[in-house]
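S.K.: Please find upload09.cif (mmCIF, C-alpha atoms and all ligand atoms; chains and numbers go by the auth columns) on the next line:
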data_data
loop_
_atom_site.group_PDB
_atom_site.id
_atom_site.type_symbol
_atom_site.label_atom_id
_atom_site.label_comp_id
_atom_site.label_asym_id
_atom_site.label_seq_id
_atom_site.Cartn_x
_atom_site.Cartn_y
_atom_site.Cartn_z
_atom_site.B_iso_or_equiv
_atom_site.auth_seq_id
_atom_site.auth_asym_id
ATOM 1 C CA MET A 1 0.000 0.000 0.000 0.00 2 F
ATOM 2 C CA LEU A 2 2.775 2.463 0.990 0.00 3 F
ATOM 3 C CA GLU A 3 5.953 1.833 -0.933 0.00 4 F
ATOM 4 C CA LEU A 4 9.054 3.883 -0.192 0.00 5 F
ATOM 5 C CA ARG A 5 12.138 3.271 -2.312 0.00 6 F
ATOM 6 C CA HIS A 6 15.638 4.709 -1.867 0.00 7 F
ATOM 7 C CA ILE A 7 14.342 7.596 0.205 0.00 8 F
ATOM 8 C CA SER A 8 16.940 10.137 1.335 0.00 9 F
ATOM 9 C CA LYS A 9 16.436 13.347 3.258 0.00 10 F
ATOM 10 C CA THR A 10 19.140 15.902 3.828 0.00 11 F
ATOM 11 C CA TYR A 11 18.905 19.249 5.542 0.00 12 F
ATOM 12 C CA ARG A 12 21.204 22.068 4.595 0.00 13 F
ATOM 13 C CA ILE A 13 21.921 24.720 7.165 0.00 14 F
ATOM 14 C CA GLY A 14 24.331 27.260 5.685 0.00 15 F
ATOM 15 C CA PRO A 15 27.125 25.324 4.017 0.00 16 F
ATOM 16 C CA ILE A 16 26.576 22.177 6.042 0.00 17 F
ATOM 17 C CA GLU A 17 24.479 19.364 4.657 0.00 18 F
ATOM 18 C CA THR A 18 23.296 16.679 7.041 0.00 19 F
ATOM 19 C CA ALA A 19 21.789 13.406 5.907 0.00 20 F
ATOM 20 C CA ILE A 20 18.907 12.425 8.164 0.00 21 F
ATOM 21 C CA LEU A 21 17.551 9.522 6.107 0.00 22 F
ATOM 22 C CA SER A 22 19.749 7.718 3.606 0.00 23 F
ATOM 23 C CA ASP A 23 18.614 5.312 0.936 0.00 24 F
ATOM 24 C CA LEU A 24 15.785 3.927 2.956 0.00 25 F
ATOM 25 C CA SER A 25 13.406 1.407 1.387 0.00 26 F
ATOM 26 C CA ILE A 26 10.374 -0.120 3.053 0.00 27 F
ATOM 27 C CA THR A 27 6.827 -1.194 2.259 0.00 28 F
ATOM 28 C CA PHE A 28 3.819 -1.076 4.561 0.00 29 F
ATOM 29 C CA SER A 29 0.656 -3.029 3.770 0.00 30 F
ATOM 30 C CA ALA A 30 -2.948 -2.330 4.676 0.00 31 F
ATOM 31 C CA GLY A 31 -3.858 -3.884 7.995 0.00 32 F
ATOM 32 C CA GLU A 32 -0.418 -3.768 9.583 0.00 33 F
ATOM 33 C CA VAL A 33 0.426 -2.351 13.005 0.00 34 F
ATOM 34 C CA VAL A 34 4.058 -1.246 13.004 0.00 35 F
ATOM 35 C CA SER A 35 6.150 0.386 15.697 0.00 36 F
ATOM 36 C CA ILE A 36 8.982 2.722 14.761 0.00 37 F
ATOM 37 C CA MET A 37 11.707 3.127 17.323 0.00 38 F
ATOM 38 C CA GLY A 38 15.050 4.887 17.274 0.00 39 F
ATOM 39 C CA GLY A 39 17.028 7.322 19.391 0.00 40 F
ATOM 40 C CA SER A 40 16.092 10.973 19.716 0.00 41 F
ATOM 41 C CA GLY A 41 17.115 12.765 16.531 0.00 42 F
ATOM 42 C CA SER A 42 17.273 9.539 14.496 0.00 43 F
ATOM 43 C CA GLY A 43 14.730 10.884 12.009 0.00 44 F
ATOM 44 C CA LYS A 44 11.463 9.312 13.137 0.00 45 F
ATOM 45 C CA THR A 45 9.373 12.475 12.859 0.00 46 F
ATOM 46 C CA THR A 46 11.096 13.359 9.576 0.00 47 F
ATOM 47 C CA PHE A 47 10.170 9.891 8.291 0.00 48 F
ATOM 48 C CA MET A 48 6.567 10.225 9.496 0.00 49 F
ATOM 49 C CA ASN A 49 6.199 13.578 7.749 0.00 50 F
ATOM 50 C CA ILE A 50 7.353 12.035 4.473 0.00 51 F
ATOM 51 C CA VAL A 51 5.078 9.006 4.844 0.00 52 F
ATOM 52 C CA GLY A 52 2.159 11.331 5.695 0.00 53 F
ATOM 53 C CA LEU A 53 2.805 13.591 2.677 0.00 54 F
ATOM 54 C CA LEU A 54 3.642 16.632 4.805 0.00 55 F
ATOM 55 C CA ASP A 55 7.214 16.733 3.567 0.00 56 F
ATOM 56 C CA LYS A 56 9.088 15.499 0.517 0.00 57 F
ATOM 57 C CA PRO A 57 12.275 13.485 0.508 0.00 58 F
ATOM 58 C CA THR A 58 15.400 14.939 -1.108 0.00 59 F
ATOM 59 C CA SER A 59 15.429 11.918 -3.401 0.00 60 F
ATOM 60 C CA GLY A 60 13.723 8.571 -3.812 0.00 61 F
ATOM 61 C CA GLU A 61 10.375 7.192 -4.874 0.00 62 F
ATOM 62 C CA TYR A 62 7.104 6.978 -2.987 0.00 63 F
ATOM 63 C CA ARG A 63 4.029 5.171 -4.242 0.00 64 F
ATOM 64 C CA ILE A 64 0.682 4.851 -2.537 0.00 65 F
ATOM 65 C CA ASN A 65 -1.485 2.076 -3.943 0.00 66 F
ATOM 66 C CA GLY A 66 0.848 1.992 -6.930 0.00 67 F
ATOM 67 C CA GLN A 67 0.582 5.711 -7.687 0.00 68 F
ATOM 68 C CA ASP A 68 3.564 8.009 -7.577 0.00 69 F
ATOM 69 C CA VAL A 69 2.827 10.708 -5.013 0.00 70 F
ATOM 70 C CA LEU A 70 6.035 12.744 -5.171 0.00 71 F
ATOM 71 C CA SER A 71 5.034 14.312 -8.480 0.00 72 F
ATOM 72 C CA ALA A 72 1.495 15.130 -7.299 0.00 73 F
ATOM 73 C CA THR A 73 0.357 18.763 -7.139 0.00 74 F
ATOM 74 C CA ALA A 74 -0.057 20.466 -3.754 0.00 75 F
ATOM 75 C CA ASP A 75 -3.856 20.318 -4.088 0.00 76 F
ATOM 76 C CA ARG A 76 -3.821 16.626 -4.863 0.00 77 F
ATOM 77 C CA LEU A 77 -1.489 16.034 -1.904 0.00 78 F
ATOM 78 C CA SER A 78 -3.798 17.868 0.521 0.00 79 F
ATOM 79 C CA ALA A 79 -6.776 15.892 -0.730 0.00 80 F
ATOM 80 C CA LEU A 80 -4.882 12.593 -0.458 0.00 81 F
ATOM 81 C CA ARG A 81 -3.693 13.501 3.022 0.00 82 F
ATOM 82 C CA ASN A 82 -7.163 14.399 4.209 0.00 83 F
ATOM 83 C CA GLN A 83 -8.725 11.215 2.804 0.00 84 F
ATOM 84 C CA LEU A 84 -5.962 8.815 3.665 0.00 85 F
ATOM 85 C CA VAL A 85 -4.037 9.825 6.749 0.00 86 F
ATOM 86 C CA GLY A 86 -4.841 10.538 10.381 0.00 87 F
ATOM 87 C CA PHE A 87 -1.986 12.196 12.257 0.00 88 F
ATOM 88 C CA VAL A 88 -1.230 12.239 15.945 0.00 89 F
ATOM 89 C CA PHE A 89 1.532 14.832 16.149 0.00 90 F
ATOM 90 C CA GLN A 90 4.260 14.730 18.774 0.00 91 F
ATOM 91 C CA SER A 91 3.223 18.212 19.927 0.00 92 F
ATOM 92 C CA TYR A 92 -0.533 17.631 19.318 0.00 93 F
ATOM 93 C CA PHE A 93 -1.115 20.823 17.230 0.00 94 F
ATOM 94 C CA LEU A 94 -4.558 21.496 18.650 0.00 95 F
ATOM 95 C CA LEU A 95 -6.114 24.844 17.816 0.00 96 F
ATOM 96 C CA PRO A 96 -6.256 26.786 21.095 0.00 97 F
ATOM 97 C CA ARG A 97 -9.438 28.745 20.381 0.00 98 F
ATOM 98 C CA LEU A 98 -11.517 25.718 19.473 0.00 99 F
ATOM 99 C CA SER A 99 -13.255 23.356 21.868 0.00 100 F
ATOM 100 C CA ALA A 100 -12.200 19.707 21.998 0.00 101 F
ATOM 101 C CA TRP A 101 -15.026 18.540 19.744 0.00 102 F
ATOM 102 C CA ARG A 102 -14.348 21.245 17.132 0.00 103 F
ATOM 103 C CA ASN A 103 -10.669 20.288 17.085 0.00 104 F
ATOM 104 C CA VAL A 104 -11.659 16.665 16.555 0.00 105 F
ATOM 105 C CA ALA A 105 -14.205 17.562 13.856 0.00 106 F
ATOM 106 C CA LEU A 106 -11.720 19.569 11.744 0.00 107 F
ATOM 107 C CA PRO A 107 -10.689 16.807 9.317 0.00 108 F
ATOM 108 C CA LEU A 108 -14.386 16.175 8.589 0.00 109 F
ATOM 109 C CA LEU A 109 -15.199 19.866 8.119 0.00 110 F
ATOM 110 C CA TYR A 110 -12.257 20.210 5.693 0.00 111 F
ATOM 111 C CA ARG A 111 -13.734 17.486 3.544 0.00 112 F
ATOM 112 C CA GLY A 112 -17.176 19.093 3.533 0.00 113 F
ATOM 113 C CA THR A 113 -19.051 17.001 6.108 0.00 114 F
ATOM 114 C CA SER A 114 -21.998 18.939 7.526 0.00 115 F
ATOM 115 C CA ASP A 115 -21.596 20.594 10.937 0.00 116 F
ATOM 116 C CA GLY A 116 -24.185 18.361 12.595 0.00 117 F
ATOM 117 C CA GLU A 117 -22.718 15.123 11.261 0.00 118 F
ATOM 118 C CA ALA A 118 -19.158 16.263 12.099 0.00 119 F
ATOM 119 C CA ARG A 119 -20.245 17.055 15.654 0.00 120 F
ATOM 120 C CA ARG A 120 -21.983 13.716 16.049 0.00 121 F
ATOM 121 C CA ARG A 121 -18.919 11.780 14.903 0.00 122 F
ATOM 122 C CA ALA A 122 -16.524 13.929 16.955 0.00 123 F
ATOM 123 C CA LEU A 123 -18.559 13.320 20.114 0.00 124 F
ATOM 124 C CA ALA A 124 -18.672 9.568 19.460 0.00 125 F
ATOM 125 C CA ILE A 125 -14.910 9.297 19.086 0.00 126 F
ATOM 126 C CA LEU A 126 -14.276 11.577 22.094 0.00 127 F
ATOM 127 C CA GLU A 127 -16.467 9.192 24.055 0.00 128 F
ATOM 128 C CA ARG A 128 -14.261 6.303 22.928 0.00 129 F
ATOM 129 C CA VAL A 129 -11.070 7.992 24.130 0.00 130 F
ATOM 130 C CA GLY A 130 -12.755 8.654 27.484 0.00 131 F
ATOM 131 C CA LEU A 131 -13.376 12.381 27.035 0.00 132 F
ATOM 132 C CA GLY A 132 -17.128 12.412 26.561 0.00 133 F
ATOM 133 C CA ASP A 133 -17.431 14.876 29.439 0.00 134 F
ATOM 134 C CA ARG A 134 -14.740 17.234 28.125 0.00 135 F
ATOM 135 C CA CYS A 135 -15.957 17.958 24.608 0.00 136 F
ATOM 136 C CA ASP A 136 -16.633 21.652 25.232 0.00 137 F
ATOM 137 C CA HIS A 137 -13.279 22.299 26.928 0.00 138 F
ATOM 138 C CA LYS A 138 -10.592 24.271 25.103 0.00 139 F
ATOM 139 C CA PRO A 139 -7.086 22.726 24.972 0.00 140 F
ATOM 140 C CA SER A 140 -5.873 25.097 27.718 0.00 141 F
ATOM 141 C CA GLU A 141 -8.602 23.684 29.976 0.00 142 F
ATOM 142 C CA LEU A 142 -7.380 20.107 29.504 0.00 143 F
ATOM 143 C CA SER A 143 -4.479 18.191 31.018 0.00 144 F
ATOM 144 C CA GLY A 144 -1.546 17.118 28.826 0.00 145 F
ATOM 145 C CA GLY A 145 -2.819 13.560 28.589 0.00 146 F
ATOM 146 C CA GLN A 146 -6.338 14.760 27.742 0.00 147 F
ATOM 147 C CA ARG A 147 -4.948 16.959 24.944 0.00 148 F
ATOM 148 C CA GLN A 148 -3.105 13.965 23.616 0.00 149 F
ATOM 149 C CA ARG A 149 -6.360 12.012 23.567 0.00 150 F
ATOM 150 C CA VAL A 150 -8.105 14.840 21.701 0.00 151 F
ATOM 151 C CA ALA A 151 -5.286 14.665 19.148 0.00 152 F
ATOM 152 C CA ILE A 152 -5.798 10.900 18.877 0.00 153 F
ATOM 153 C CA ALA A 153 -9.558 11.348 18.434 0.00 154 F
ATOM 154 C CA ARG A 154 -8.904 13.887 15.651 0.00 155 F
ATOM 155 C CA ALA A 155 -6.624 11.388 13.898 0.00 156 F
ATOM 156 C CA LEU A 156 -9.260 8.662 14.002 0.00 157 F
ATOM 157 C CA VAL A 157 -12.461 10.628 13.349 0.00 158 F
ATOM 158 C CA GLY A 158 -12.274 10.488 9.551 0.00 159 F
ATOM 159 C CA ALA A 159 -11.732 6.687 9.491 0.00 160 F
ATOM 160 C CA PRO A 160 -8.418 7.078 7.659 0.00 161 F
ATOM 161 C CA ALA A 161 -6.706 4.165 5.890 0.00 162 F
ATOM 162 C CA VAL A 162 -3.438 5.069 7.621 0.00 163 F
ATOM 163 C CA VAL A 163 -2.863 6.364 11.139 0.00 164 F
ATOM 164 C CA LEU A 164 0.523 7.932 11.825 0.00 165 F
ATOM 165 C CA ALA A 165 1.100 8.463 15.505 0.00 166 F
ATOM 166 C CA ASP A 166 4.192 10.184 16.902 0.00 167 F
ATOM 167 C CA GLU A 167 4.622 9.130 20.551 0.00 168 F
ATOM 168 C CA PRO A 168 0.846 8.817 21.023 0.00 169 F
ATOM 169 C CA THR A 169 1.099 7.452 24.550 0.00 170 F
ATOM 170 C CA GLY A 170 3.997 9.609 25.771 0.00 171 F
ATOM 171 C CA ALA A 171 1.984 11.804 28.138 0.00 172 F
ATOM 172 C CA LEU A 172 -0.478 9.163 29.294 0.00 173 F
ATOM 173 C CA ASP A 173 -0.566 7.077 32.430 0.00 174 F
ATOM 174 C CA PRO A 174 -0.147 3.330 31.801 0.00 175 F
ATOM 175 C CA ALA A 175 -3.872 2.491 32.012 0.00 176 F
ATOM 176 C CA VAL A 176 -4.923 5.239 29.598 0.00 177 F
ATOM 177 C CA ALA A 177 -1.966 4.413 27.315 0.00 178 F
ATOM 178 C CA GLN A 178 -3.171 0.812 27.177 0.00 179 F
ATOM 179 C CA GLY A 179 -6.691 2.037 26.351 0.00 180 F
ATOM 180 C CA ILE A 180 -5.283 4.021 23.414 0.00 181 F
ATOM 181 C CA MET A 181 -3.276 1.023 22.186 0.00 182 F
ATOM 182 C CA ASP A 182 -6.459 -1.064 22.406 0.00 183 F
ATOM 183 C CA LEU A 183 -8.289 1.578 20.367 0.00 184 F
ATOM 184 C CA PHE A 184 -5.602 1.490 17.644 0.00 185 F
ATOM 185 C CA THR A 185 -5.727 -2.313 17.654 0.00 186 F
ATOM 186 C CA GLU A 186 -9.528 -2.266 17.357 0.00 187 F
ATOM 187 C CA MET A 187 -9.414 0.224 14.457 0.00 188 F
ATOM 188 C CA ASN A 188 -6.869 -2.028 12.834 0.00 189 F
ATOM 189 C CA ARG A 189 -8.940 -5.195 13.282 0.00 190 F
ATOM 190 C CA GLU A 190 -12.327 -3.699 12.447 0.00 191 F
ATOM 191 C CA LEU A 191 -11.370 -1.423 9.578 0.00 192 F
ATOM 192 C CA GLY A 192 -7.994 -2.744 8.434 0.00 193 F
ATOM 193 C CA VAL A 193 -6.364 0.584 9.243 0.00 194 F
ATOM 194 C CA LEU A 194 -2.589 0.625 8.792 0.00 195 F
ATOM 195 C CA VAL A 195 -1.151 1.973 12.041 0.00 196 F
ATOM 196 C CA LEU A 196 2.403 3.306 12.339 0.00 197 F
ATOM 197 C CA ILE A 197 3.349 4.163 15.898 0.00 198 F
ATOM 198 C CA ILE A 198 6.514 6.028 16.752 0.00 199 F
ATOM 199 C CA THR A 199 7.438 5.183 20.292 0.00 200 F
ATOM 200 C CA HIS A 200 10.241 5.094 22.823 0.00 201 F
ATOM 201 C CA ASP A 201 8.251 2.681 24.962 0.00 202 F
ATOM 202 C CA PRO A 202 9.238 -0.998 24.561 0.00 203 F
ATOM 203 C CA LYS A 203 5.864 -2.025 26.007 0.00 204 F
ATOM 204 C CA VAL A 204 4.072 -0.220 23.194 0.00 205 F
ATOM 205 C CA ALA A 205 6.458 -1.672 20.590 0.00 206 F
ATOM 206 C CA ALA A 206 5.991 -5.158 22.015 0.00 207 F
ATOM 207 C CA GLN A 207 2.266 -4.940 21.159 0.00 208 F
ATOM 208 C CA CYS A 208 2.979 -4.223 17.509 0.00 209 F
ATOM 209 C CA PRO A 209 3.265 -7.311 15.283 0.00 210 F
ATOM 210 C CA ARG A 210 5.917 -5.568 13.173 0.00 211 F
ATOM 211 C CA ARG A 211 8.700 -3.436 14.576 0.00 212 F
ATOM 212 C CA VAL A 212 11.226 -1.314 12.754 0.00 213 F
ATOM 213 C CA VAL A 213 14.116 0.733 14.059 0.00 214 F
ATOM 214 C CA LEU A 214 15.714 3.857 12.575 0.00 215 F
ATOM 215 C CA ARG A 215 19.430 4.105 13.109 0.00 216 F
ATOM 216 C CA HIS A 216 22.068 6.174 11.322 0.00 217 F
ATOM 217 C CA GLY A 217 19.549 7.215 8.677 0.00 218 F
ATOM 218 C CA ARG A 218 18.609 3.654 7.810 0.00 219 F
ATOM 219 C CA ILE A 219 15.651 1.502 8.694 0.00 220 F
ATOM 220 C CA PHE A 220 15.945 -2.007 10.102 0.00 221 F
ATOM 221 C CA GLU A 221 13.361 -4.658 10.784 0.00 222 F
ATOM 222 C CA SER A 222 13.665 -5.642 14.385 0.00 223 F
ATOM 223 C CA VAL A 223 13.810 -9.420 14.432 0.00 224 F
ATOM 224 C CA GLU A 224 14.585 -10.113 18.041 0.00 225 F
ATOM 225 C CA PRO A 225 11.540 -10.357 20.268 0.00 226 F
ATOM 226 C CA MET A 226 11.367 -7.179 22.304 0.00 227 F
ATOM 227 C CA LEU A 227 8.993 -8.556 24.889 0.00 228 F
ATOM 228 C CA GLU A 228 11.734 -9.115 27.434 0.00 229 F
ATOM 229 C CA LEU A 229 12.641 -5.424 27.124 0.00 230 F
ATOM 230 C CA ALA A 230 9.156 -4.577 28.305 0.00 231 F
ATOM 231 C CA HIS A 231 9.686 -6.079 31.728 0.00 232 F
HETATM 232 N N1 LIG B . 13.709 21.609 9.373 0.00 301 T
HETATM 233 C C1 LIG B . 14.884 21.085 9.761 0.00 301 T
HETATM 234 N N2 LIG B . 16.042 21.676 9.410 0.00 301 T
HETATM 235 C C2 LIG B . 17.226 21.147 9.762 0.00 301 T
HETATM 236 N N3 LIG B . 17.369 20.037 10.493 0.00 301 T
HETATM 237 C C3 LIG B . 16.246 19.414 10.874 0.00 301 T
HETATM 238 C C4 LIG B . 14.947 19.888 10.545 0.00 301 T
HETATM 239 N N4 LIG B . 14.021 19.053 11.064 0.00 301 T
HETATM 240 C C5 LIG B . 14.710 18.085 11.699 0.00 301 T
HETATM 241 N N5 LIG B . 16.048 18.300 11.596 0.00 301 T
HETATM 242 C C6 LIG B . 17.101 17.418 12.150 0.00 301 T
HETATM 243 O O1 LIG B . 16.838 16.114 11.743 0.00 301 T
HETATM 244 C C7 LIG B . 17.156 15.185 12.774 0.00 301 T
HETATM 245 C C8 LIG B . 15.989 14.243 12.971 0.00 301 T
HETATM 246 O O2 LIG B . 14.892 14.952 13.544 0.00 301 T
HETATM 247 P P1 LIG B . 13.529 14.215 13.895 0.00 301 T
HETATM 248 O O3 LIG B . 12.624 15.247 14.439 0.00 301 T
HETATM 249 O O4 LIG B . 13.063 13.458 12.708 0.00 301 T
HETATM 250 O O5 LIG B . 14.019 13.200 15.040 0.00 301 T
HETATM 251 P P2 LIG B . 13.183 12.172 15.923 0.00 301 T
HETATM 252 O O6 LIG B . 13.729 10.802 15.641 0.00 301 T
HETATM 253 O O7 LIG B . 11.733 12.382 15.682 0.00 301 T
HETATM 254 O O8 LIG B . 13.581 12.571 17.412 0.00 301 T
HETATM 255 P P3 LIG B . 12.679 12.584 18.769 0.00 301 T
HETATM 256 O O9 LIG B . 12.639 11.171 19.269 0.00 301 T
HETATM 257 O O10 LIG B . 13.490 13.460 19.669 0.00 301 T
HETATM 258 O O11 LIG B . 11.353 13.143 18.451 0.00 301 T
HETATM 259 C C9 LIG B . 17.522 16.008 13.990 0.00 301 T
HETATM 260 O O12 LIG B . 18.918 15.966 14.152 0.00 301 T
HETATM 261 C C10 LIG B . 17.052 17.393 13.660 0.00 301 T
HETATM 262 O O13 LIG B . 17.922 18.363 14.200 0.00 301 T
HETATM 263 MG MG MG B . 10.221 13.108 16.851 0.00 302 T
#
Represent the supplied structure as structure tokens.
Ligand SMILES: Nc1ncnc2c1ncn2[C@@H]1O[C@H](COP(=O)(O)OP(=O)(O)OP(=O)(O)O)[C@@H](O)[C@H]1O
Ligand SMILES: [Mg+2]
M.R.:
Amino acid sequence: MLELRHISKTYRIGPIETAILSDLSITFSAGEVVSIMGGSGSGKTTFMNIVGLLDKPTSGEYRINGQDVLSATADRLSALRNQLVGFVFQSYFLLPRLSAWRNVALPLLYRGTSDGEARRRALAILERVGLGDRCDHKPSELSGGQRQRVAIARALVGAPAVVLADEPTGALDPAVAQGIMDLFTEMNRELGVLVLIITHDPKVAAQCPRRVVLRHGRIFESVEPMLELAH
């Protein structure tokens, strides 16, 4: 479904060019749940932004369902992104002036869903992340973990084919974190959603049937069972 070939990403600051991702090739299929681990600064967020069509690689090929997406126009990319991908950003990116439910409803409103229907679906998903009683709160009136759950609800509300989550359980206590993992797993089982989870938490990674690691700009399949790391 997502096919990345020979992807490289370099940043140039002044005269210095730094390679963040080098010649990275990987394929993700519909219905997979994959964890992405790697040290801080190893390029996980950079990789997620490329996979989610928010950023372009310096070189390489990227096909989604067989179609080249790197040559797509900006309009086509926004439409693809809105239809295909749900993001949980590392820093949430909630809009401060909007209530929780309006934040969650945004992806639906962008694609032209009516206000009433968007509200109904936003409330249902907020209920599922345990925030049914917080839907009229603004982000500043929520705790860090509650904001994270609003961000997760926003990623899931449009029933995307791909969910890209950057440290989705980082600010959550273990019980709530497990609830969120269960929600991702359910979405995966019920709807065949492809879930990519960036995490530093071996317990989260251990629940993902496929695990990859970014190191020195390259991506590796993690073959050793990581379960023992979780204890
Ligand atoms: N816009 C940019 N310009 C220049 N360098 C950048 C830019 N964005 C990221 N980098 C560099 O790319 C590297 C990878 O950053 P990235 O955010 O992808 O790391 P990460 O693996 O997500 O780390 P963390 O676990 O801390 O979130 C870092 O060294 C960072 O300084
Ligand atoms: Mg990051």
S.K.: Name the closest residue to ligand LIG 301 (chain T) among the candidates F:Val196, F:Val105, F:Ile220, F:Ala207; distances are taken between atoms, counting all atoms listed in the file.
M.R.: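 That would be F:Ile220, the residue with the smallest distance to ligand LIG 301 (chain T).
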S.K.: Extending 6 Å beyond the listed atoms of ligand LIG 301 (chain T) on each side, what axis-aligned box results? I want centre and edge lengths in Å to one decimal, as JSON.
M.R.:
{"center_x": 15.1, "center_y": 16.2, "center_z": 14.5, "size_x": 19.6, "size_y": 22.9, "size_z": 22.3}
S.K.: Would you mind listing the residues within 7 Å of ligand LIG 301 (chain T), counting all atoms listed in the file, as a VMD selection string?
M.R.: chain F and resid 12 to 14 21 39 to 48
S.K.: Give me, please, the distance in Å between atom CA of Val213 of chain F and atom CA of Ile37 of chain F, quoted to one decimal.
M.R.: 5.0 Å
S.K.: Evaluated on this file, the PyMOL selection byres (((chain F and resi 170) around 10) and not hetatm) picks out some residues - which ones are they, written as an MDAnalysis selection string?
M.R.: chainID F and resid 91 146 149:150 153 166:169 171:175 177:182 198:202 205
S.K.: If the PyMOL selection byres (((chain F and resi 132-136) around 10) and not hetatm) is run on the structure shown, which residues does it catch, given as a PyMOL selection string?
M.R.: chain F and resi 100-105+120+123-131+137-140+142-143+147-148+150-151+154
S.K.: Calculated over all atoms listed in the file, which of the candidates F:Thr186, F:Asn50, F:Ser79, F:Ser141 has the smallest distance to ligand MG 302 (chain T)?
M.R.: F:Asn50
S.K.: Let me know the residues the PyMOL selection byres (((chain F and resi 164) around 12) and not hetatm) catches in the file above, as a PyMOL selection string.
M.R.: chain F and resi 29+31-36+49+52-53+82-90+152-163+165-167+169+184-186+188-189+192-199
S.K.: Rounded to one decimal, what separation in Å do you get between atom CA of Leu55 of chain F and atom CA of Leu95 of chain F?
M.R.: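 These atoms are spaced 16.8 Å apart.
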S.K.: Using all atoms listed in the file, which residue out of F:Glu191, F:Asp24, F:Glu222, F:Asp56 lies closest to Ile8 of chain F?
M.R.: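 Smallest separation from Ile8 of chain F among the options: F:Asp24.
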S.K.: My list of candidates is F:Leu215, F:Leu81, F:Ile51, F:Ala73. Which is closest to Glu4 of chain F when distances are computed with only C-alpha atoms?
M.R.: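 Residue with the minimum atom-to-atom distance to Glu4 of chain F: F:Ile51.
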S.K.: When distances are computed from all atoms listed in the file, which of F:Met38, F:Cys209, F:Ala119, F:Ala80 shows the smallest separation from ligand MG 302 (chain T)?
M.R.: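 Selected residue with least distance to ligand MG 302 (chain T): F:Met38.
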S.K.: Report, in Å to a single decimal, how far apart atom CA of Thr28 of chain F and atom CA of Asn66 of chain F are.
M.R.: 10.9 Å
S.K.: Of the candidates F:Tyr93, F:Ala206, F:Met2, F:Arg64, which shows the shortest atom-to-atom distance to ligand MG 302 (chain T), using all atoms listed in the file?
M.R.: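 Comparing F:Tyr93, F:Ala206, F:Met2, F:Arg64 against ligand MG 302 (chain T), the winner is F:Tyr93.
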